[in-house]
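Structure first, then comments.
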Amino acid sequence: MKKIAIVLAIAASMGASSVYAGFGSLSSIASSLSESVTGVSSSNMDINGFFTQAKATNEMFTQSRTALASLLASKQDSDELKAKQKILKTTSDPKEKEAIQKQIVVLSNTVLEASQKDEEGTVAKLSALNVEQKQHLLDSARNFVIASLTARELAIGAKQVGTSVIANPRSLANTGMSLVEAKSVVGDITGIAKNSTMALVEYPKLFKKAGIEFKMPTSSADKPKVLSDI
């Protein structure tokens with residue numbers, strides 16, 4: 001089994017720095033979770049590994065979407081996204097960080113949804129990107145795909161993890177999370193998995209129409225790119 005190496009440059013909080021996470025294979029995590037469903041075993045469920053991987057995946061998914069949005073947005077929205085990201089790096093207040101992160105997610109969603117509706121305009125924007133922007137686009141798209149593939153694998157056991165931690169909240173002791181936070185992470189991963197077609201199908205098609213060659217990752221074990229500001 002290949003070990004998963006998630007490399008994150010979390011623009012929301014760490015700029016171009018990276019976090020390396022090797023948590024064992026997702027397949028082994030999913031296998032132990034499946035055993036708990038069938039009643040074979042629940043003692044070997046890797047709860048800590050699941051949540052560590054899930055949080056890293058969610059961070060990469062959010063960051064890659066924001067990077068794509070900043071490239072496809074109007075100048076006003078792109079400047080706003082960049083400004084919010086800069087503020088996020090300088091604030092240390094947890095509540096302020098959470099509020100800004102939510103604003104970034106909402107604006108990114110708005111931009112990407114609009115880009116899907118205006119296919120002709122989006123293809124034109126993609127075609128007009130300079131060399132540096134296109135490379136940033138490809139790196140962002142690569143991470144977007146890897147995060148989506150990882151979420152699909154994690155989602156196999158997400159429901160079982162949720163059920164397990166509700167039944168035994170003490171199993172979260174080594175994760176540093178509350179039950180509410182854990183349920184939120186499970187929901188995030190499930191949501192990413194359900195909405196993965198944007199990363200896996202829709203945007204690759206738009207890239208092709210714009211004449212941009214994108215070698216799409218085929219495995220969650222593929223190495224992500226470190227994204228820096230542009």
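Residues in the structure tokens are named by chain (A, B, ... in the order shown) and by number from 1 within that chain; ligands are numbered from 1 in the order shown.
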
Residues of range 83-156 of chain A within 9 Å of range 182-189 of chain A: nearest atom pair and distance (Å, one decimal) for each, counting only C-alpha atoms, sorted by chain and number, as JSON lines?
```
{"residue": "A:Ser148", "atom": "CA", "partner": "A:Ile189", "partner_atom": "CA", "distance": 9.0}
{"residue": "A:Ala151", "atom": "CA", "partner": "A:Ile189", "partner_atom": "CA", "distance": 5.5}
{"residue": "A:Arg152", "atom": "CA", "partner": "A:Ile189", "partner_atom": "CA", "distance": 7.9}
{"residue": "A:Leu154", "atom": "CA", "partner": "A:Ile189", "partner_atom": "CA", "distance": 7.2}
{"residue": "A:Ala155", "atom": "CA", "partner": "A:Ile189", "partner_atom": "CA", "distance": 6.3}
```

> DSSP says helix (DSSP H, G or I) for which residues of range 109-221 of chain A? Put them as an MDAnalysis selection string?
Replying inline: chainID A and resid 109:117 119:128 131:167 169:172 179:194 197:209

> What is the distance, in Å and to one decimal place, between CA of Ile146 in chain A and CA of Lys55 in chain A?
Replying inline: 13.9 Å

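For the pair CA of Leu129 in chain A and CA of Leu71 in chain A, the separation is 8.3 Å.
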
Residue contacts of Met216 in chain A (12 Å, only C-alpha atoms) excluding same-chain residues fewer than 4 positions away, as an mmCIF file with all heavy atoms, in the first residue's frame:
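Resulting contents of out_36.cif:
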```cif
data_model
loop_
_atom_site.group_PDB
_atom_site.id
_atom_site.type_symbol
_atom_site.label_atom_id
_atom_site.label_comp_id
_atom_site.auth_asym_id
_atom_site.auth_seq_id
_atom_site.Cartn_x
_atom_site.Cartn_y
_atom_site.Cartn_z
ATOM 1 N N LEU A 138 -2.709 25.164 -12.938
ATOM 2 C CA LEU A 138 -2.492 23.721 -13.017
ATOM 3 C C LEU A 138 -2.137 23.124 -11.658
ATOM 4 O O LEU A 138 -2.604 22.035 -11.305
ATOM 5 C CB LEU A 138 -1.393 23.416 -14.042
ATOM 6 C CG LEU A 138 -1.733 23.729 -15.496
ATOM 7 C CD1 LEU A 138 -0.505 23.545 -16.381
ATOM 8 C CD2 LEU A 138 -2.876 22.848 -15.991
ATOM 9 N N ASP A 139 -1.319 23.843 -10.894
ATOM 10 C CA ASP A 139 -0.959 23.367 -9.559
ATOM 11 C C ASP A 139 -2.188 23.338 -8.645
ATOM 12 O O ASP A 139 -2.385 22.389 -7.879
ATOM 13 C CB ASP A 139 0.115 24.272 -8.943
ATOM 14 C CG ASP A 139 1.463 24.140 -9.638
ATOM 15 O OD1 ASP A 139 1.640 23.179 -10.411
ATOM 16 O OD2 ASP A 139 2.335 25.004 -9.403
ATOM 17 N N SER A 140 -3.005 24.385 -8.749
ATOM 18 C CA SER A 140 -4.226 24.459 -7.934
ATOM 19 C C SER A 140 -5.189 23.342 -8.311
ATOM 20 O O SER A 140 -5.786 22.698 -7.443
ATOM 21 C CB SER A 140 -4.905 25.821 -8.125
ATOM 22 O OG SER A 140 -4.043 26.876 -7.789
ATOM 23 N N ALA A 141 -5.342 23.126 -9.612
ATOM 24 C CA ALA A 141 -6.249 22.091 -10.095
ATOM 25 C C ALA A 141 -5.770 20.704 -9.676
ATOM 26 O O ALA A 141 -6.579 19.826 -9.338
ATOM 27 C CB ALA A 141 -6.369 22.164 -11.616
ATOM 28 N N ARG A 142 -4.462 20.508 -9.684
ATOM 29 C CA ARG A 142 -3.901 19.214 -9.260
ATOM 30 C C ARG A 142 -4.284 18.931 -7.799
ATOM 31 O O ARG A 142 -4.764 17.839 -7.467
ATOM 32 C CB ARG A 142 -2.377 19.240 -9.409
ATOM 33 C CG ARG A 142 -1.701 17.949 -8.950
ATOM 34 C CD ARG A 142 -0.189 18.028 -9.106
ATOM 35 N NE ARG A 142 0.445 16.808 -8.625
ATOM 36 C CZ ARG A 142 0.587 15.692 -9.332
ATOM 37 N NH1 ARG A 142 0.120 15.638 -10.556
ATOM 38 N NH2 ARG A 142 1.183 14.627 -8.822
ATOM 39 N N ASN A 143 -4.088 19.920 -6.938
ATOM 40 C CA ASN A 143 -4.430 19.741 -5.525
ATOM 41 C C ASN A 143 -5.930 19.566 -5.320
ATOM 42 O O ASN A 143 -6.368 18.817 -4.445
ATOM 43 C CB ASN A 143 -3.936 20.943 -4.714
ATOM 44 C CG ASN A 143 -2.423 20.953 -4.576
ATOM 45 O OD1 ASN A 143 -1.724 20.178 -5.214
ATOM 46 N ND2 ASN A 143 -1.914 21.835 -3.741
ATOM 47 N N PHE A 144 -6.701 20.269 -6.132
ATOM 48 C CA PHE A 144 -8.161 20.172 -6.094
ATOM 49 C C PHE A 144 -8.596 18.732 -6.372
ATOM 50 O O PHE A 144 -9.447 18.167 -5.672
ATOM 51 C CB PHE A 144 -8.728 21.129 -7.133
ATOM 52 C CG PHE A 144 -10.199 21.427 -7.001
ATOM 53 C CD1 PHE A 144 -10.891 21.232 -5.826
ATOM 54 C CD2 PHE A 144 -10.901 21.947 -8.094
ATOM 55 C CE1 PHE A 144 -12.251 21.533 -5.724
ATOM 56 C CE2 PHE A 144 -12.246 22.250 -8.003
ATOM 57 C CZ PHE A 144 -12.928 22.044 -6.824
ATOM 58 N N VAL A 145 -7.984 18.132 -7.375
ATOM 59 C CA VAL A 145 -8.305 16.749 -7.749
ATOM 60 C C VAL A 145 -7.864 15.773 -6.661
ATOM 61 O O VAL A 145 -8.618 14.876 -6.270
ATOM 62 C CB VAL A 145 -7.641 16.379 -9.093
ATOM 63 C CG1 VAL A 145 -7.735 14.871 -9.353
ATOM 64 C CG2 VAL A 145 -8.284 17.146 -10.242
ATOM 65 N N ILE A 146 -6.638 15.935 -6.162
ATOM 66 C CA ILE A 146 -6.126 15.017 -5.142
ATOM 67 C C ILE A 146 -6.980 15.074 -3.880
ATOM 68 O O ILE A 146 -7.296 14.042 -3.265
ATOM 69 C CB ILE A 146 -4.650 15.334 -4.813
ATOM 70 C CG1 ILE A 146 -3.772 15.002 -6.030
ATOM 71 C CG2 ILE A 146 -4.175 14.529 -3.595
ATOM 72 C CD1 ILE A 146 -2.329 15.446 -5.897
ATOM 73 N N SER A 148 -10.113 15.852 -3.730
ATOM 74 C CA SER A 148 -11.401 15.231 -4.046
ATOM 75 C C SER A 148 -11.294 13.710 -4.037
ATOM 76 O O SER A 148 -12.181 13.009 -3.520
ATOM 77 C CB SER A 148 -11.901 15.712 -5.412
ATOM 78 O OG SER A 148 -12.163 17.101 -5.399
ATOM 79 N N LEU A 149 -10.216 13.187 -4.601
ATOM 80 C CA LEU A 149 -10.003 11.734 -4.605
ATOM 81 C C LEU A 149 -9.823 11.205 -3.185
ATOM 82 O O LEU A 149 -10.354 10.144 -2.824
ATOM 83 C CB LEU A 149 -8.768 11.384 -5.447
ATOM 84 C CG LEU A 149 -8.882 11.602 -6.959
ATOM 85 C CD1 LEU A 149 -7.514 11.392 -7.623
ATOM 86 C CD2 LEU A 149 -9.917 10.666 -7.568
ATOM 87 N N ALA A 199 -14.110 19.132 -9.646
ATOM 88 C CA ALA A 199 -12.667 18.958 -9.761
ATOM 89 C C ALA A 199 -12.295 17.867 -10.751
ATOM 90 O O ALA A 199 -11.334 18.001 -11.513
ATOM 91 C CB ALA A 199 -12.077 18.623 -8.390
ATOM 92 N N LEU A 200 -13.071 16.783 -10.758
ATOM 93 C CA LEU A 200 -12.700 15.598 -11.536
ATOM 94 C C LEU A 200 -13.199 15.615 -12.976
ATOM 95 O O LEU A 200 -12.647 14.927 -13.838
ATOM 96 C CB LEU A 200 -13.230 14.340 -10.839
ATOM 97 C CG LEU A 200 -12.758 14.120 -9.396
ATOM 98 C CD1 LEU A 200 -13.404 12.873 -8.817
ATOM 99 C CD2 LEU A 200 -11.250 14.018 -9.326
ATOM 100 N N VAL A 201 -14.240 16.383 -13.239
ATOM 101 C CA VAL A 201 -14.838 16.355 -14.585
ATOM 102 C C VAL A 201 -14.985 17.749 -15.202
ATOM 103 O O VAL A 201 -14.468 18.013 -16.291
ATOM 104 C CB VAL A 201 -16.237 15.672 -14.550
ATOM 105 C CG1 VAL A 201 -16.849 15.677 -15.944
ATOM 106 C CG2 VAL A 201 -16.138 14.258 -14.007
ATOM 107 N N TYR A 203 -14.015 21.061 -14.492
ATOM 108 C CA TYR A 203 -12.914 21.977 -14.786
ATOM 109 C C TYR A 203 -11.898 21.403 -15.771
ATOM 110 O O TYR A 203 -11.396 22.125 -16.636
ATOM 111 C CB TYR A 203 -12.249 22.464 -13.497
ATOM 112 C CG TYR A 203 -12.986 23.667 -12.954
ATOM 113 C CD1 TYR A 203 -13.917 23.531 -11.937
ATOM 114 C CD2 TYR A 203 -12.821 24.933 -13.511
ATOM 115 C CE1 TYR A 203 -14.646 24.615 -11.480
ATOM 116 C CE2 TYR A 203 -13.547 26.020 -13.069
ATOM 117 C CZ TYR A 203 -14.450 25.855 -12.043
ATOM 118 O OH TYR A 203 -15.180 26.926 -11.608
ATOM 119 N N PRO A 204 -11.566 20.111 -15.691
ATOM 120 C CA PRO A 204 -10.688 19.546 -16.720
ATOM 121 C C PRO A 204 -11.239 19.746 -18.143
ATOM 122 O O PRO A 204 -10.483 19.988 -19.087
ATOM 123 C CB PRO A 204 -10.620 18.063 -16.353
ATOM 124 C CG PRO A 204 -10.745 18.078 -14.866
ATOM 125 C CD PRO A 204 -11.781 19.133 -14.589
ATOM 126 N N LYS A 205 -12.562 19.670 -18.284
ATOM 127 C CA LYS A 205 -13.179 19.901 -19.597
ATOM 128 C C LYS A 205 -12.984 21.346 -20.041
ATOM 129 O O LYS A 205 -12.702 21.621 -21.216
ATOM 130 C CB LYS A 205 -14.679 19.584 -19.544
ATOM 131 C CG LYS A 205 -15.008 18.103 -19.578
ATOM 132 C CD LYS A 205 -16.515 17.890 -19.616
ATOM 133 C CE LYS A 205 -16.868 16.419 -19.702
ATOM 134 N NZ LYS A 205 -18.356 16.208 -19.724
ATOM 135 N N PHE A 207 -10.567 23.358 -19.092
ATOM 136 C CA PHE A 207 -9.150 23.534 -19.417
ATOM 137 C C PHE A 207 -8.877 23.076 -20.853
ATOM 138 O O PHE A 207 -8.167 23.735 -21.611
ATOM 139 C CB PHE A 207 -8.262 22.732 -18.465
ATOM 140 C CG PHE A 207 -8.344 23.160 -17.020
ATOM 141 C CD1 PHE A 207 -7.903 22.321 -16.010
ATOM 142 C CD2 PHE A 207 -8.863 24.394 -16.674
ATOM 143 C CE1 PHE A 207 -7.973 22.711 -14.686
ATOM 144 C CE2 PHE A 207 -8.943 24.800 -15.341
ATOM 145 C CZ PHE A 207 -8.493 23.949 -14.348
ATOM 146 N N LYS A 208 -9.452 21.940 -21.203
ATOM 147 C CA LYS A 208 -9.244 21.394 -22.548
ATOM 148 C C LYS A 208 -9.787 22.335 -23.610
ATOM 149 O O LYS A 208 -9.146 22.569 -24.641
ATOM 150 C CB LYS A 208 -9.917 20.024 -22.657
ATOM 151 C CG LYS A 208 -9.626 19.299 -23.965
ATOM 152 C CD LYS A 208 -10.210 17.894 -23.956
ATOM 153 C CE LYS A 208 -9.862 17.154 -25.232
ATOM 154 N NZ LYS A 208 -10.416 15.766 -25.240
ATOM 155 N N ILE A 212 -5.575 24.289 -22.605
ATOM 156 C CA ILE A 212 -4.611 24.108 -21.521
ATOM 157 C C ILE A 212 -4.484 22.620 -21.213
ATOM 158 O O ILE A 212 -5.460 21.960 -20.863
ATOM 159 C CB ILE A 212 -5.059 24.867 -20.253
ATOM 160 C CG1 ILE A 212 -5.125 26.367 -20.536
ATOM 161 C CG2 ILE A 212 -4.113 24.582 -19.083
ATOM 162 C CD1 ILE A 212 -5.684 27.186 -19.385
ATOM 163 N N SER A 220 -5.098 9.269 -5.004
ATOM 164 C CA SER A 220 -4.983 10.143 -3.836
ATOM 165 C C SER A 220 -3.551 10.153 -3.296
ATOM 166 O O SER A 220 -3.179 11.034 -2.511
ATOM 167 C CB SER A 220 -5.937 9.678 -2.734
ATOM 168 O OG SER A 220 -5.593 8.368 -2.306
ATOM 169 N N ASP A 222 -0.928 10.571 -5.177
ATOM 170 C CA ASP A 222 -0.102 11.461 -5.991
ATOM 171 C C ASP A 222 0.320 12.669 -5.160
ATOM 172 O O ASP A 222 -0.425 13.134 -4.290
ATOM 173 C CB ASP A 222 -0.864 11.919 -7.234
ATOM 174 C CG ASP A 222 -0.994 10.814 -8.267
ATOM 175 O OD1 ASP A 222 -0.308 9.791 -8.115
ATOM 176 O OD2 ASP A 222 -1.781 10.975 -9.225
ATOM 177 N N LYS A 223 1.492 13.191 -5.443
ATOM 178 C CA LYS A 223 2.048 14.274 -4.632
ATOM 179 C C LYS A 223 1.450 15.630 -5.022
ATOM 180 O O LYS A 223 1.520 16.037 -6.166
ATOM 181 C CB LYS A 223 3.566 14.329 -4.805
ATOM 182 C CG LYS A 223 4.253 15.318 -3.868
ATOM 183 C CD LYS A 223 5.745 15.239 -4.022
ATOM 184 C CE LYS A 223 6.434 16.213 -3.088
ATOM 185 N NZ LYS A 223 7.917 16.147 -3.223
ATOM 186 N N PRO A 224 0.873 16.336 -4.059
ATOM 187 C CA PRO A 224 0.308 17.672 -4.351
ATOM 188 C C PRO A 224 1.417 18.698 -4.553
ATOM 189 O O PRO A 224 2.587 18.440 -4.248
ATOM 190 C CB PRO A 224 -0.507 17.997 -3.087
ATOM 191 C CG PRO A 224 -0.633 16.704 -2.356
ATOM 192 C CD PRO A 224 0.586 15.917 -2.683
#
```

>> Here is a test: counting only C-alpha atoms, which residue of A:Val105, A:Ala147, A:Ala69, A:Met60 is nearest to Ser196 in chain A?
In response: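 Of A:Val105, A:Ala147, A:Ala69, A:Met60, the one nearest Ser196 in chain A is A:Ala147, counting only C-alpha atoms.
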
> Using only C-alpha atoms, which of A:Val161, A:Ala167, A:Ile192, A:Leu206 sits nearest Glu120 in chain A?
Replying inline: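 Between A:Val161, A:Ala167, A:Ile192, A:Leu206, the residue approaching Glu120 in chain A most closely is A:Leu206.
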
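The gap separating CA of Ala56 in chain A from CA of Val165 in chain A is 19.2 Å, in Å to one decimal.
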
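The residue that comes closest to Asn195 in chain A, out of A:Lys97, A:Ala114, A:Ser70, A:Phe61 and on the basis of only C-alpha atoms, is A:Phe61.
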
> Looking at A:Lys95, A:Gln63, A:Phe50, A:Gln160, which one is nearest to Leu227 in chain A, with distances taken over only C-alpha atoms?
Replying inline: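 The closest residue to Leu227 in chain A is A:Gln63.
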
> Using only C-alpha atoms, which residues sit within 12 Å of Leu72 in chain A once same-chain residues fewer than 4 positions away are excluded, as an MDAnalysis selection string?
Replying inline: chainID A and resid 65:68 76:79 81 107:116 118:119 121:129 133:134 136:137 203 206
